[in-house]
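coords.cif follows; it contains mmCIF, C-alpha atoms.
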data_coords
#
loop_
_atom_site.label_atom_id
_atom_site.label_comp_id
_atom_site.auth_asym_id
_atom_site.auth_seq_id
_atom_site.Cartn_x
_atom_site.Cartn_y
_atom_site.Cartn_z
CA MET A 27 1.56 -6.61 -13.86
CA SER A 28 1.05 -4.35 -16.84
CA HIS A 29 4.16 -3.47 -18.84
CA ARG A 30 3.54 -0.62 -21.23
CA SER A 31 4.53 2.94 -22.17
CA VAL A 32 2.39 5.94 -21.32
CA LEU A 33 2.40 9.53 -22.47
CA ILE A 34 3.96 12.01 -20.05
CA ARG A 35 3.02 15.69 -20.16
CA ALA A 36 5.43 18.06 -18.42
CA LEU A 37 4.00 21.27 -16.97
CA ALA A 38 5.99 23.21 -19.54
CA GLY A 39 3.98 21.45 -22.25
CA VAL A 40 6.76 19.16 -23.52
CA PHE A 41 5.66 15.63 -24.39
CA VAL A 42 7.94 12.64 -23.91
CA VAL A 43 7.38 8.90 -23.63
CA ALA A 44 8.62 6.93 -20.64
CA SER A 45 9.66 3.32 -21.15
CA ALA A 46 8.10 0.78 -18.83
CA THR A 47 10.25 -1.15 -16.40
CA ALA A 48 9.45 -4.18 -14.31
CA GLN A 49 8.92 -3.79 -10.60
CA ALA A 50 12.26 -3.74 -8.81
CA ALA A 51 12.97 -6.61 -6.44
CA GLY A 52 13.46 -5.59 -2.84
CA THR A 53 13.31 -6.51 0.83
CA VAL A 54 10.07 -5.58 2.57
CA VAL A 55 10.83 -3.41 5.62
CA PHE A 56 7.26 -2.26 6.31
CA HIS A 57 3.85 -3.61 5.39
CA ASP A 58 0.36 -2.89 6.67
CA ASP A 59 -2.74 -4.44 5.12
CA PHE A 60 -5.10 -2.91 7.72
CA ASN A 61 -6.66 -6.21 8.77
CA GLY A 62 -7.44 -5.00 12.30
CA THR A 63 -10.23 -2.84 13.65
CA ALA A 64 -8.15 0.33 14.14
CA ILE A 65 -5.01 1.89 12.79
CA ASP A 66 -1.82 0.56 14.43
CA ALA A 67 -0.86 3.41 16.76
CA GLY A 68 2.62 1.94 17.16
CA ALA A 69 3.29 2.21 13.43
CA TRP A 70 1.23 5.25 12.38
CA GLY A 71 0.67 8.82 13.47
CA VAL A 72 -2.34 10.97 12.55
CA GLY A 73 -1.79 14.56 11.40
CA THR A 74 -3.59 17.31 13.35
CA TRP A 75 -2.28 20.48 11.69
CA LYS A 76 -3.79 22.95 9.21
CA LEU A 77 -3.11 22.22 5.53
CA GLY A 78 -4.47 24.57 2.89
CA ARG A 79 -7.99 25.37 4.03
CA THR A 80 -8.27 21.97 5.73
CA GLN A 81 -8.03 21.14 9.41
CA LEU A 82 -6.46 17.68 9.60
CA GLY A 83 -7.32 15.39 12.47
CA ASN A 84 -9.91 12.88 11.27
CA ALA A 85 -8.85 9.40 12.35
CA PRO A 86 -8.98 6.68 9.68
CA VAL A 87 -11.70 4.05 10.06
CA VAL A 88 -10.27 0.54 9.64
CA SER A 89 -12.66 -2.19 8.54
CA GLY A 90 -12.63 -5.14 6.16
CA GLY A 91 -8.93 -4.74 5.38
CA ILE A 92 -9.32 -1.09 4.34
CA ALA A 93 -8.17 2.11 6.05
CA ARG A 94 -10.65 4.83 5.05
CA LEU A 95 -9.50 8.47 5.11
CA ARG A 96 -12.36 10.99 5.35
CA PHE A 97 -12.92 14.60 4.34
CA ASP A 98 -15.89 16.45 5.87
CA THR A 99 -17.42 19.64 4.50
CA TRP A 100 -18.44 20.51 8.08
CA GLY A 101 -15.33 22.21 9.43
CA PHE A 102 -13.37 21.24 6.31
CA ALA A 103 -11.83 18.37 8.27
CA GLY A 104 -9.38 16.08 6.46
CA THR A 105 -7.06 13.18 7.20
CA GLU A 106 -3.32 12.48 7.09
CA ILE A 107 -1.48 9.41 8.30
CA TYR A 108 2.28 8.87 8.40
CA THR A 109 4.61 6.10 9.48
CA LYS A 110 6.46 6.78 12.70
CA ALA A 111 9.56 5.23 11.12
CA ASN A 112 11.73 7.13 8.64
CA TYR A 113 13.27 5.46 5.59
CA GLY A 114 16.58 6.66 4.15
CA LEU A 115 17.77 6.36 0.57
CA GLN A 116 20.79 4.01 0.93
CA ASN A 117 20.82 1.93 -2.31
CA GLY A 118 17.21 2.76 -3.07
CA VAL A 119 13.76 2.34 -1.57
CA GLU A 120 10.21 1.93 -2.87
CA PHE A 121 7.15 3.47 -1.21
CA GLU A 122 3.95 1.82 -2.39
CA ALA A 123 0.22 1.81 -1.67
CA ARG A 124 -2.91 0.33 -3.22
CA VAL A 125 -5.59 3.01 -3.04
CA ARG A 126 -8.80 4.31 -4.60
CA SER A 127 -10.86 7.49 -4.55
CA ASN A 128 -14.66 7.45 -4.28
CA GLN A 129 -16.30 9.76 -6.85
CA LEU A 130 -14.81 12.96 -5.43
CA PRO A 131 -16.02 16.44 -6.34
CA PRO A 132 -13.54 18.97 -7.76
CA GLY A 133 -11.39 20.71 -5.16
CA LEU A 134 -9.91 17.78 -3.22
CA VAL A 135 -6.44 16.19 -3.23
CA THR A 136 -5.48 12.60 -2.43
CA SER A 137 -1.84 11.65 -2.20
CA LEU A 138 0.95 9.20 -1.50
CA PHE A 139 4.14 11.01 -0.49
CA THR A 140 7.20 11.34 1.71
CA TYR A 141 8.02 14.45 3.72
CA ASN A 142 10.54 15.45 6.37
CA THR A 143 12.35 18.57 7.55
CA ALA A 144 15.78 19.44 8.92
CA ASN A 145 17.17 22.87 9.78
CA SER A 146 13.95 24.53 8.52
CA LYS A 147 14.36 22.93 5.08
CA SER A 148 12.04 20.27 3.70
CA ASP A 149 12.44 17.26 1.38
CA GLU A 150 9.52 15.52 -0.31
CA LEU A 151 8.44 13.07 -3.02
CA ASP A 152 4.81 13.12 -4.21
CA ILE A 153 2.12 11.35 -6.14
CA GLU A 154 -0.96 13.58 -5.97
CA MET A 155 -4.37 13.20 -7.59
CA LEU A 156 -6.23 16.49 -8.00
CA SER A 157 -9.95 15.75 -8.24
CA LYS A 158 -10.48 18.95 -10.24
CA GLN A 159 -8.14 17.68 -12.97
CA VAL A 160 -9.50 14.12 -12.78
CA ASP A 161 -13.04 15.47 -13.23
CA GLN A 162 -11.99 17.30 -16.41
CA ALA A 163 -10.12 14.34 -17.93
CA SER A 164 -11.42 11.55 -20.13
CA GLY A 165 -9.89 8.24 -21.14
CA GLY A 166 -7.63 8.12 -18.12
CA ALA A 167 -6.41 10.33 -15.29
CA PRO A 168 -3.60 12.84 -14.63
CA LEU A 169 -1.17 12.45 -11.74
CA LEU A 170 0.95 15.27 -10.31
CA LEU A 171 4.49 14.02 -9.60
CA THR A 172 6.84 16.22 -7.61
CA THR A 173 10.30 16.23 -6.03
CA TRP A 174 11.54 18.71 -3.41
CA ASN A 175 15.04 19.19 -2.00
CA ASP A 176 16.07 21.62 0.77
CA TRP A 177 12.98 23.76 0.20
CA ASP A 178 12.34 26.77 2.39
CA GLU A 179 10.82 30.24 2.07
CA THR A 180 14.08 31.61 0.63
CA HIS A 181 13.53 29.41 -2.44
CA PRO A 182 10.12 30.56 -3.68
CA SER A 183 10.74 29.76 -7.34
CA TYR A 184 8.85 26.62 -8.32
CA ASN A 185 10.24 24.23 -10.93
CA ASP A 186 13.77 25.60 -10.60
CA GLY A 187 15.06 22.02 -10.87
CA VAL A 188 17.18 22.42 -7.75
CA HIS A 189 14.68 22.80 -4.90
CA HIS A 190 11.49 21.83 -6.73
CA SER A 191 10.53 19.93 -9.86
CA SER A 192 7.05 18.92 -11.00
CA GLN A 193 5.41 17.16 -13.91
CA SER A 194 1.96 15.93 -14.79
CA ALA A 195 1.58 12.40 -16.14
CA PHE A 196 -1.61 11.38 -17.95
CA VAL A 197 -2.14 7.65 -17.43
CA ALA A 198 -4.38 6.28 -20.17
CA GLY A 199 -7.18 4.02 -18.93
CA LEU A 200 -6.59 4.85 -15.26
CA ASP A 201 -9.78 4.93 -13.15
CA VAL A 202 -8.86 6.46 -9.81
CA ASN A 203 -12.17 5.22 -8.35
CA ALA A 204 -10.92 1.63 -8.65
CA PHE A 205 -8.02 0.20 -6.65
CA HIS A 206 -4.60 0.66 -8.27
CA THR A 207 -1.07 0.31 -6.95
CA TYR A 208 1.05 3.48 -6.93
CA THR A 209 4.82 3.38 -6.36
CA ILE A 210 7.47 5.99 -5.65
CA ARG A 211 10.85 4.44 -6.46
CA TRP A 212 13.59 6.56 -4.84
CA LEU A 213 17.02 5.81 -6.28
CA PRO A 214 20.40 7.52 -5.89
CA GLY A 215 20.09 10.65 -8.03
CA ARG A 216 16.75 9.64 -9.55
CA THR A 217 13.07 9.14 -8.73
CA GLU A 218 10.66 6.96 -10.70
CA TRP A 219 6.87 6.75 -10.42
CA LEU A 220 4.89 3.64 -11.34
CA VAL A 221 1.22 2.70 -11.60
CA ASP A 222 0.40 -1.02 -11.39
CA GLY A 223 4.07 -1.80 -12.02
CA ALA A 224 4.38 0.34 -15.18
CA LEU A 225 6.74 3.30 -15.22
CA VAL A 226 4.88 6.56 -15.91
CA ALA A 227 7.57 9.17 -15.21
CA SER A 228 11.05 9.76 -13.84
CA SER A 229 13.15 12.72 -12.74
CA THR A 230 16.75 13.53 -11.80
CA MET A 231 15.92 17.06 -10.61
CA ALA A 232 15.49 18.37 -7.05
CA GLN A 233 16.29 14.99 -5.53
CA PRO A 234 15.82 14.81 -1.74
CA ASP A 235 18.30 13.24 0.66
CA LEU A 236 16.50 13.23 4.01
CA ALA A 237 15.19 9.98 5.48
CA ALA A 238 11.41 10.33 5.66
CA PRO A 239 8.19 8.55 6.59
CA ILE A 240 5.63 7.44 4.04
CA ARG A 241 2.45 9.53 4.22
CA LEU A 242 -1.04 9.56 2.74
CA ASN A 243 -3.48 12.43 3.03
CA PHE A 244 -6.85 13.75 1.88
CA TRP A 245 -7.54 17.49 1.95
CA ALA A 246 -8.83 20.66 0.25
CA PRO A 247 -6.19 23.20 -0.83
CA ALA A 248 -6.49 26.98 -0.63
CA SER A 249 -7.21 29.22 -3.60
CA SER A 250 -3.49 29.93 -4.09
CA TRP A 251 -3.17 26.45 -5.64
CA THR A 252 -5.29 27.24 -8.67
CA GLU A 253 -4.81 23.85 -10.38
CA ALA A 254 -6.39 22.07 -7.40
CA TYR A 255 -8.75 24.62 -5.81
CA ASP A 256 -12.44 24.73 -6.68
CA ALA A 257 -14.65 27.52 -5.34
CA GLN A 258 -17.76 25.31 -5.54
CA LEU A 259 -16.42 23.13 -2.73
CA LYS A 260 -17.41 25.13 0.35
CA PRO A 261 -17.71 24.53 4.10
CA VAL A 262 -21.30 23.94 5.21
CA ALA A 263 -22.99 26.08 7.85
CA ASN A 264 -23.86 23.32 10.31
CA LYS A 265 -23.16 19.69 11.08
CA ARG A 266 -26.50 18.46 9.72
CA GLN A 267 -25.44 19.62 6.26
CA ASN A 268 -22.13 17.76 6.37
CA ARG A 269 -21.05 15.75 3.34
CA SER A 270 -18.29 13.19 3.80
CA TYR A 271 -15.96 11.94 1.06
CA TYR A 272 -13.52 9.03 1.24
CA TYR A 273 -10.06 7.91 0.14
CA ASP A 274 -9.48 4.18 0.71
CA ILE A 275 -6.16 2.44 1.40
CA ASP A 276 -5.96 -1.32 0.88
CA TRP A 277 -2.32 -1.71 1.92
CA VAL A 278 0.96 0.17 2.26
CA GLU A 279 4.46 -1.24 1.80
CA VAL A 280 8.07 -0.04 1.92
CA ARG A 281 10.83 -2.06 0.23
CA ARG A 282 14.58 -1.65 0.54
CA LEU A 283 16.33 -2.11 -2.83
#
Before we go any further, please render this structure as structure tokens.
Amino acid sequence: MSHRSVLIRALAGVFVVASATAQAAGTVVFHDDFNGTAIDAGAWGVGTWKLGRTQLGNAPVVSGGIARLRFDTWGFAGTEIYTKANYGLQNGVEFEARVRSNQLPPGLVTSLFTYNTANSKSDELDIEMLSKQVDQASGGAPLLLTTWNDWDETHPSYNDGVHHSSQSAFVAGLDVNAFHTYTIRWLPGRTEWLVDGALVASSTMAQPDLAAPIRLNFWAPASSWTEAYDAQLKPVANKRQNRSYYYDIDWVEVRRL
């Protein structure tokens, strides 16, 4: 594993350096390396709702130890998978996946995240890769890292530090089109994000408390998310014009700390 420090850029424009930490030891409570011929329907669900300007519902194709999530320009159809089991904080938990993009055009989002709701309020932890930002970067890649706690429509203020907190981390040398391991380390009162075992950011703000599944998705956001939206990515008029893009998952693991 790589052990290094990387430059972190907060959305407010403040630069800090995060110290690297070794991967925490833990007990594996979920692992899927996708060695079958289809996704395990007992372990995973497939999202079928509308997200941004994307209609989710594409089923992953599992082959050669890879689960491939697809986005189609015909119908703007994307993919989300989520574990049917929820994982609570307790003493800490790590959500981890080894993934890669495949030369995506601007306007798409790939992610590793947790999400759950209770009493119309939502909790979430995110690692998101915005292809628009990746396309504009050189020498590495930016990651969007977000925490949410008890979010609902009565809390519309983003980055208030109570219900939402977000930062962008530029990871030098990161090629999102090659396989890398991304980790969300959820600790009591703190969340850490790692790439290939190296700490890239941490936060104590807007910390969730709901048990949640681990999720991965691939989609095109609406124009209201200006940092991710790209007007050049458009739905095609008929199926013959469809262009498919892919987000590959090598394995997914959850560890109890």
To one decimal place in Å, what is the distance between CA of Asp59 in chain A and CA of Val280 in chain A?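 CA of Val280 in chain A lies at a distance of 12.1 Å from CA of Asp59 in chain A.
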Need the shell around Trp177 in chain A: protein/DNA/RNA residues with any atom at most 7 Å away, counting all atoms listed in the file. Skip same-chain ones fewer than 2 positions apart. Format as a PyMOL selection string? chain A and resi 147-149+174-175+181+189
| task | Using the chain letters and numbering of this document, enumerate as number ranges by chain the residues selected by the PyMOL selection byres ((chain A and resi 239) around 6). | result | A: 109, 111-112, 140, 238, 240
Mind writing the picked residues with C-alpha atoms as a compact mmCIF listing (two decimals), in the coordinates of the input?
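Contents of out29.txt, freshly written:
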# COMPACT_ATOMS: atom_id res chain seq x y z
CA THR A 109 4.61 6.10 9.48
CA ALA A 111 9.56 5.23 11.12
CA ASN A 112 11.73 7.13 8.64
CA THR A 140 7.20 11.34 1.71
CA ALA A 238 11.41 10.33 5.66
CA ILE A 240 5.63 7.44 4.04
To verify the selection step, state as number ranges by chain which residues the PyMOL selection byres ((chain A and resi 187) around 9) yields on this input.
A: 173-174, 184-186, 188-192, 230-233
Determine the nearest neighbour of Ala263 in chain A from the options A:Gly78, A:Gly91, A:Gly52, A:Gly101, counting all atoms listed in the file.
->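 Answer, going by the shortest atom-to-atom distance: A:Gly101.
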Report as a ChimeraX atom specification the residues that result from applying the PyMOL selection byres ((chain A and resi 249) around 12) to the structure here. /A:78-80,133-134,246-248,250-260
Could you pull the residues within 7 Å of Arg94 in chain A, counting all atoms listed in the file, minus those fewer than 6 positions along the same chain, as a JSON list (two decimals) with C-alpha atoms, keeping the file's coordinate frame?
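Wrote part_7.json, looks like this:
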[["chain", "number", "residue", "atom", "x", "y", "z"],
["A", 86, "PRO", "CA", -8.98, 6.68, 9.68],
["A", 87, "VAL", "CA", -11.70, 4.05, 10.06],
["A", 88, "VAL", "CA", -10.27, 0.54, 9.64],
["A", 272, "TYR", "CA", -13.52, 9.03, 1.24],
["A", 273, "TYR", "CA", -10.06, 7.91, 0.14],
["A", 274, "ASP", "CA", -9.48, 4.18, 0.71],
["A", 275, "ILE", "CA", -6.16, 2.44, 1.40]]
Could I get the residues of range 35-117 of chain A with an atom no further than 8 Å from an atom of range 202-220 of chain A, each paired with its nearest atom pair and that distance in Å to one decimal, using only C-alpha atoms, sorted by chain and residue number, as CSV?
residue,atom,partner,partner_atom,distance
A:Leu115,CA,A:Trp212,CA,6.8
A:Gln116,CA,A:Pro214,CA,7.7
A:Asn117,CA,A:Pro214,CA,6.7
Calculate how many Å separate CA of Gly62 in chain A from CA of Gly104 in chain A, rounding to one decimal.
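For CA of Gly62 in chain A relative to CA of Gly104 in chain A, the distance reads 22.0 Å.
The residue that comes closest to Ser89 in chain A, out of A:Asp276, A:Leu283, A:Val262, A:Gly71 and on the basis of only C-alpha atoms, is A:Asp276.
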In Å and to one decimal, CA of Val226 in chain A is distant from CA of Leu77 in chain A by 27.7 Å
Of A:Ala103, A:Ala237, A:Ala69, A:Leu242, the one nearest to His57 in chain A when counting only C-alpha atoms is A:Ala69
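The environment of Asp161 in chain A within 8 Å, counting all atoms listed in the file and disregarding residues fewer than 2 places along the same chain, consists of Pro131, Pro132, Ser157, Lys158, Gln159 and Ala163 of chain A.
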How big is the axis-aligned box around the listed atoms of range 202-214 of chain A once 8 Å is added on each side, and where is its centre? Give both in Å to one decimal, as JSON.
{"center_x": 4.1, "center_y": 3.9, "center_z": -7.3, "size_x": 48.6, "size_y": 23.3, "size_z": 21.0}
Practice task
Give the answer as one residue: which of A:Arg96, A:Trp277, A:Leu138, A:Lys110 has the shortest atom-to-atom distance to Ala67 in chain A, using only C-alpha atoms?
Solution key: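 The closest residue to Ala67 in chain A is A:Lys110.
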Nearest to Ile153 in chain A among A:Val125, A:Val119, A:Leu171, A:Val55, with distances taken over all atoms listed in the file: which residue is it?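 Closest to Ile153 in chain A, using all atoms listed in the file: A:Leu171.
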Counting only C-alpha atoms, the residue among A:Gln129, A:Ser164, A:Ser228, A:Asn264 that lies closest to Val197 in chain A is A:Ser164
Output file request: range 37-143 of chain A, with C-alpha atoms, as a PDB file, in the first residue's frame.
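Listing of out37.pdb after writing:
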ATOM      1  CA  LEU A  37     -14.616  24.005  -1.631  1.00  0.00           C
ATOM      2  CA  ALA A  38     -14.045  27.271   0.200  1.00  0.00           C
ATOM      3  CA  GLY A  39     -10.568  27.387  -1.338  1.00  0.00           C
ATOM      4  CA  VAL A  40      -8.597  26.590   1.839  1.00  0.00           C
ATOM      5  CA  PHE A  41      -5.634  24.259   1.341  1.00  0.00           C
ATOM      6  CA  VAL A  42      -4.545  21.798   4.013  1.00  0.00           C
ATOM      7  CA  VAL A  43      -2.445  18.650   4.016  1.00  0.00           C
ATOM      8  CA  ALA A  44      -3.801  15.367   5.347  1.00  0.00           C
ATOM      9  CA  SER A  45      -1.381  12.924   6.949  1.00  0.00           C
ATOM     10  CA  ALA A  46      -1.459   9.381   5.651  1.00  0.00           C
ATOM     11  CA  THR A  47      -2.524   6.547   7.909  1.00  0.00           C
ATOM     12  CA  ALA A  48      -2.244   2.822   7.440  1.00  0.00           C
ATOM     13  CA  GLN A  49      -5.316   0.808   6.620  1.00  0.00           C
ATOM     14  CA  ALA A  50      -7.244   0.022   9.787  1.00  0.00           C
ATOM     15  CA  ALA A  51      -7.488  -3.633  10.767  1.00  0.00           C
ATOM     16  CA  GLY A  52     -11.003  -4.995  10.860  1.00  0.00           C
ATOM     17  CA  THR A  53     -13.320  -7.982  10.609  1.00  0.00           C
ATOM     18  CA  VAL A  54     -14.784  -8.585   7.162  1.00  0.00           C
ATOM     19  CA  VAL A  55     -18.590  -8.683   7.386  1.00  0.00           C
ATOM     20  CA  PHE A  56     -19.313  -8.491   3.644  1.00  0.00           C
ATOM     21  CA  HIS A  57     -17.279  -9.263   0.548  1.00  0.00           C
ATOM     22  CA  ASP A  58     -18.218  -9.767  -3.087  1.00  0.00           C
ATOM     23  CA  ASP A  59     -15.622 -10.283  -5.806  1.00  0.00           C
ATOM     24  CA  PHE A  60     -18.242 -10.866  -8.537  1.00  0.00           C
ATOM     25  CA  ASN A  61     -16.866 -14.228  -9.647  1.00  0.00           C
ATOM     26  CA  GLY A  62     -20.254 -15.507 -10.826  1.00  0.00           C
ATOM     27  CA  THR A  63     -22.207 -14.860 -13.996  1.00  0.00           C
ATOM     28  CA  ALA A  64     -24.799 -12.502 -12.461  1.00  0.00           C
ATOM     29  CA  ILE A  65     -25.120 -10.196  -9.511  1.00  0.00           C
ATOM     30  CA  ASP A  66     -26.077 -11.987  -6.276  1.00  0.00           C
ATOM     31  CA  ALA A  67     -29.762 -11.095  -5.908  1.00  0.00           C
ATOM     32  CA  GLY A  68     -29.698 -12.214  -2.281  1.00  0.00           C
ATOM     33  CA  ALA A  69     -27.022  -9.661  -1.418  1.00  0.00           C
ATOM     34  CA  TRP A  70     -27.716  -6.794  -3.840  1.00  0.00           C
ATOM     35  CA  GLY A  71     -30.637  -4.704  -5.010  1.00  0.00           C
ATOM     36  CA  VAL A  72     -30.765  -2.691  -8.243  1.00  0.00           C
ATOM     37  CA  GLY A  73     -32.090   0.874  -8.175  1.00  0.00           C
ATOM     38  CA  THR A  74     -35.015   1.694 -10.499  1.00  0.00           C
ATOM     39  CA  TRP A  75     -35.796   5.312  -9.579  1.00  0.00           C
ATOM     40  CA  LYS A  76     -35.101   8.648 -11.280  1.00  0.00           C
ATOM     41  CA  LEU A  77     -31.867  10.386 -10.260  1.00  0.00           C
ATOM     42  CA  GLY A  78     -31.002  13.747 -11.786  1.00  0.00           C
ATOM     43  CA  ARG A  79     -31.867  13.389 -15.453  1.00  0.00           C
ATOM     44  CA  THR A  80     -31.136   9.650 -15.329  1.00  0.00           C
ATOM     45  CA  GLN A  81     -33.565   6.757 -15.204  1.00  0.00           C
ATOM     46  CA  LEU A  82     -31.867   4.057 -13.142  1.00  0.00           C
ATOM     47  CA  GLY A  83     -32.631   0.426 -13.824  1.00  0.00           C
ATOM     48  CA  ASN A  84     -29.806  -1.019 -15.923  1.00  0.00           C
ATOM     49  CA  ALA A  85     -28.723  -4.334 -14.415  1.00  0.00           C
ATOM     50  CA  PRO A  86     -24.973  -4.840 -13.960  1.00  0.00           C
ATOM     51  CA  VAL A  87     -23.299  -7.360 -16.257  1.00  0.00           C
ATOM     52  CA  VAL A  88     -21.074  -9.746 -14.289  1.00  0.00           C
ATOM     53  CA  SER A  89     -18.228 -11.415 -16.155  1.00  0.00           C
ATOM     54  CA  GLY A  90     -14.589 -12.268 -15.527  1.00  0.00           C
ATOM     55  CA  GLY A  91     -14.751 -11.181 -11.888  1.00  0.00           C
ATOM     56  CA  ILE A  92     -16.058  -7.704 -12.762  1.00  0.00           C
ATOM     57  CA  ALA A  93     -19.494  -6.148 -12.227  1.00  0.00           C
ATOM     58  CA  ARG A  94     -19.978  -3.594 -15.020  1.00  0.00           C
ATOM     59  CA  LEU A  95     -22.374  -0.680 -14.444  1.00  0.00           C
ATOM     60  CA  ARG A  96     -23.663   0.925 -17.660  1.00  0.00           C
ATOM     61  CA  PHE A  97     -24.944   4.330 -18.698  1.00  0.00           C
ATOM     62  CA  ASP A  98     -26.826   4.612 -22.012  1.00  0.00           C
ATOM     63  CA  THR A  99     -27.445   7.833 -23.915  1.00  0.00           C
ATOM     64  CA  TRP A 100     -30.640   6.242 -25.284  1.00  0.00           C
ATOM     65  CA  GLY A 101     -33.165   7.000 -22.564  1.00  0.00           C
ATOM     66  CA  PHE A 102     -30.409   8.305 -20.281  1.00  0.00           C
ATOM     67  CA  ALA A 103     -30.457   4.973 -18.448  1.00  0.00           C
ATOM     68  CA  GLY A 104     -28.016   4.487 -15.570  1.00  0.00           C
ATOM     69  CA  THR A 105     -27.191   1.942 -12.887  1.00  0.00           C
ATOM     70  CA  GLU A 106     -27.230   1.761  -9.092  1.00  0.00           C
ATOM     71  CA  ILE A 107     -26.608  -1.252  -6.885  1.00  0.00           C
ATOM     72  CA  TYR A 108     -26.904  -1.426  -3.104  1.00  0.00           C
ATOM     73  CA  THR A 109     -26.433  -4.080  -0.450  1.00  0.00           C
ATOM     74  CA  LYS A 110     -29.646  -5.367   1.063  1.00  0.00           C
ATOM     75  CA  ALA A 111     -27.920  -5.371   4.457  1.00  0.00           C
ATOM     76  CA  ASN A 112     -27.418  -2.181   6.465  1.00  0.00           C
ATOM     77  CA  TYR A 113     -24.243  -1.498   8.438  1.00  0.00           C
ATOM     78  CA  GLY A 114     -24.306   0.589  11.618  1.00  0.00           C
ATOM     79  CA  LEU A 115     -21.476   2.654  13.068  1.00  0.00           C
ATOM     80  CA  GLN A 116     -20.792   0.825  16.386  1.00  0.00           C
ATOM     81  CA  ASN A 117     -17.002   1.180  16.940  1.00  0.00           C
ATOM     82  CA  GLY A 118     -16.377   2.010  13.300  1.00  0.00           C
ATOM     83  CA  VAL A 119     -16.801   0.483   9.863  1.00  0.00           C
ATOM     84  CA  GLU A 120     -15.026   0.670   6.510  1.00  0.00           C
ATOM     85  CA  PHE A 121     -16.813   0.612   3.151  1.00  0.00           C
ATOM     86  CA  GLU A 122     -14.425  -0.218   0.330  1.00  0.00           C
ATOM     87  CA  ALA A 123     -14.446  -0.973  -3.400  1.00  0.00           C
ATOM     88  CA  ARG A 124     -11.887  -1.433  -6.156  1.00  0.00           C
ATOM     89  CA  VAL A 125     -13.250   0.342  -9.220  1.00  0.00           C
ATOM     90  CA  ARG A 126     -12.339   2.065 -12.481  1.00  0.00           C
ATOM     91  CA  SER A 127     -13.979   4.362 -15.005  1.00  0.00           C
ATOM     92  CA  ASN A 128     -13.624   3.865 -18.759  1.00  0.00           C
ATOM     93  CA  GLN A 129     -12.744   7.125 -20.559  1.00  0.00           C
ATOM     94  CA  LEU A 130     -15.992   8.883 -19.676  1.00  0.00           C
ATOM     95  CA  PRO A 131     -17.193  12.075 -21.343  1.00  0.00           C
ATOM     96  CA  PRO A 132     -17.948  15.142 -19.186  1.00  0.00           C
ATOM     97  CA  GLY A 133     -21.347  15.084 -17.495  1.00  0.00           C
ATOM     98  CA  LEU A 134     -21.332  11.711 -15.721  1.00  0.00           C
ATOM     99  CA  VAL A 135     -20.876  10.751 -12.059  1.00  0.00           C
ATOM    100  CA  THR A 136     -19.488   7.516 -10.610  1.00  0.00           C
ATOM    101  CA  SER A 137     -19.631   6.918  -6.890  1.00  0.00           C
ATOM    102  CA  LEU A 138     -19.119   4.789  -3.817  1.00  0.00           C
ATOM    103  CA  PHE A 139     -21.458   5.857  -1.016  1.00  0.00           C
ATOM    104  CA  THR A 140     -23.833   5.009   1.811  1.00  0.00           C
ATOM    105  CA  TYR A 141     -27.392   6.290   2.021  1.00  0.00           C
ATOM    106  CA  ASN A 142     -30.447   5.659   4.174  1.00  0.00           C
ATOM    107  CA  THR A 143     -33.504   7.529   5.407  1.00  0.00           C
TER     108      THR A 143
END
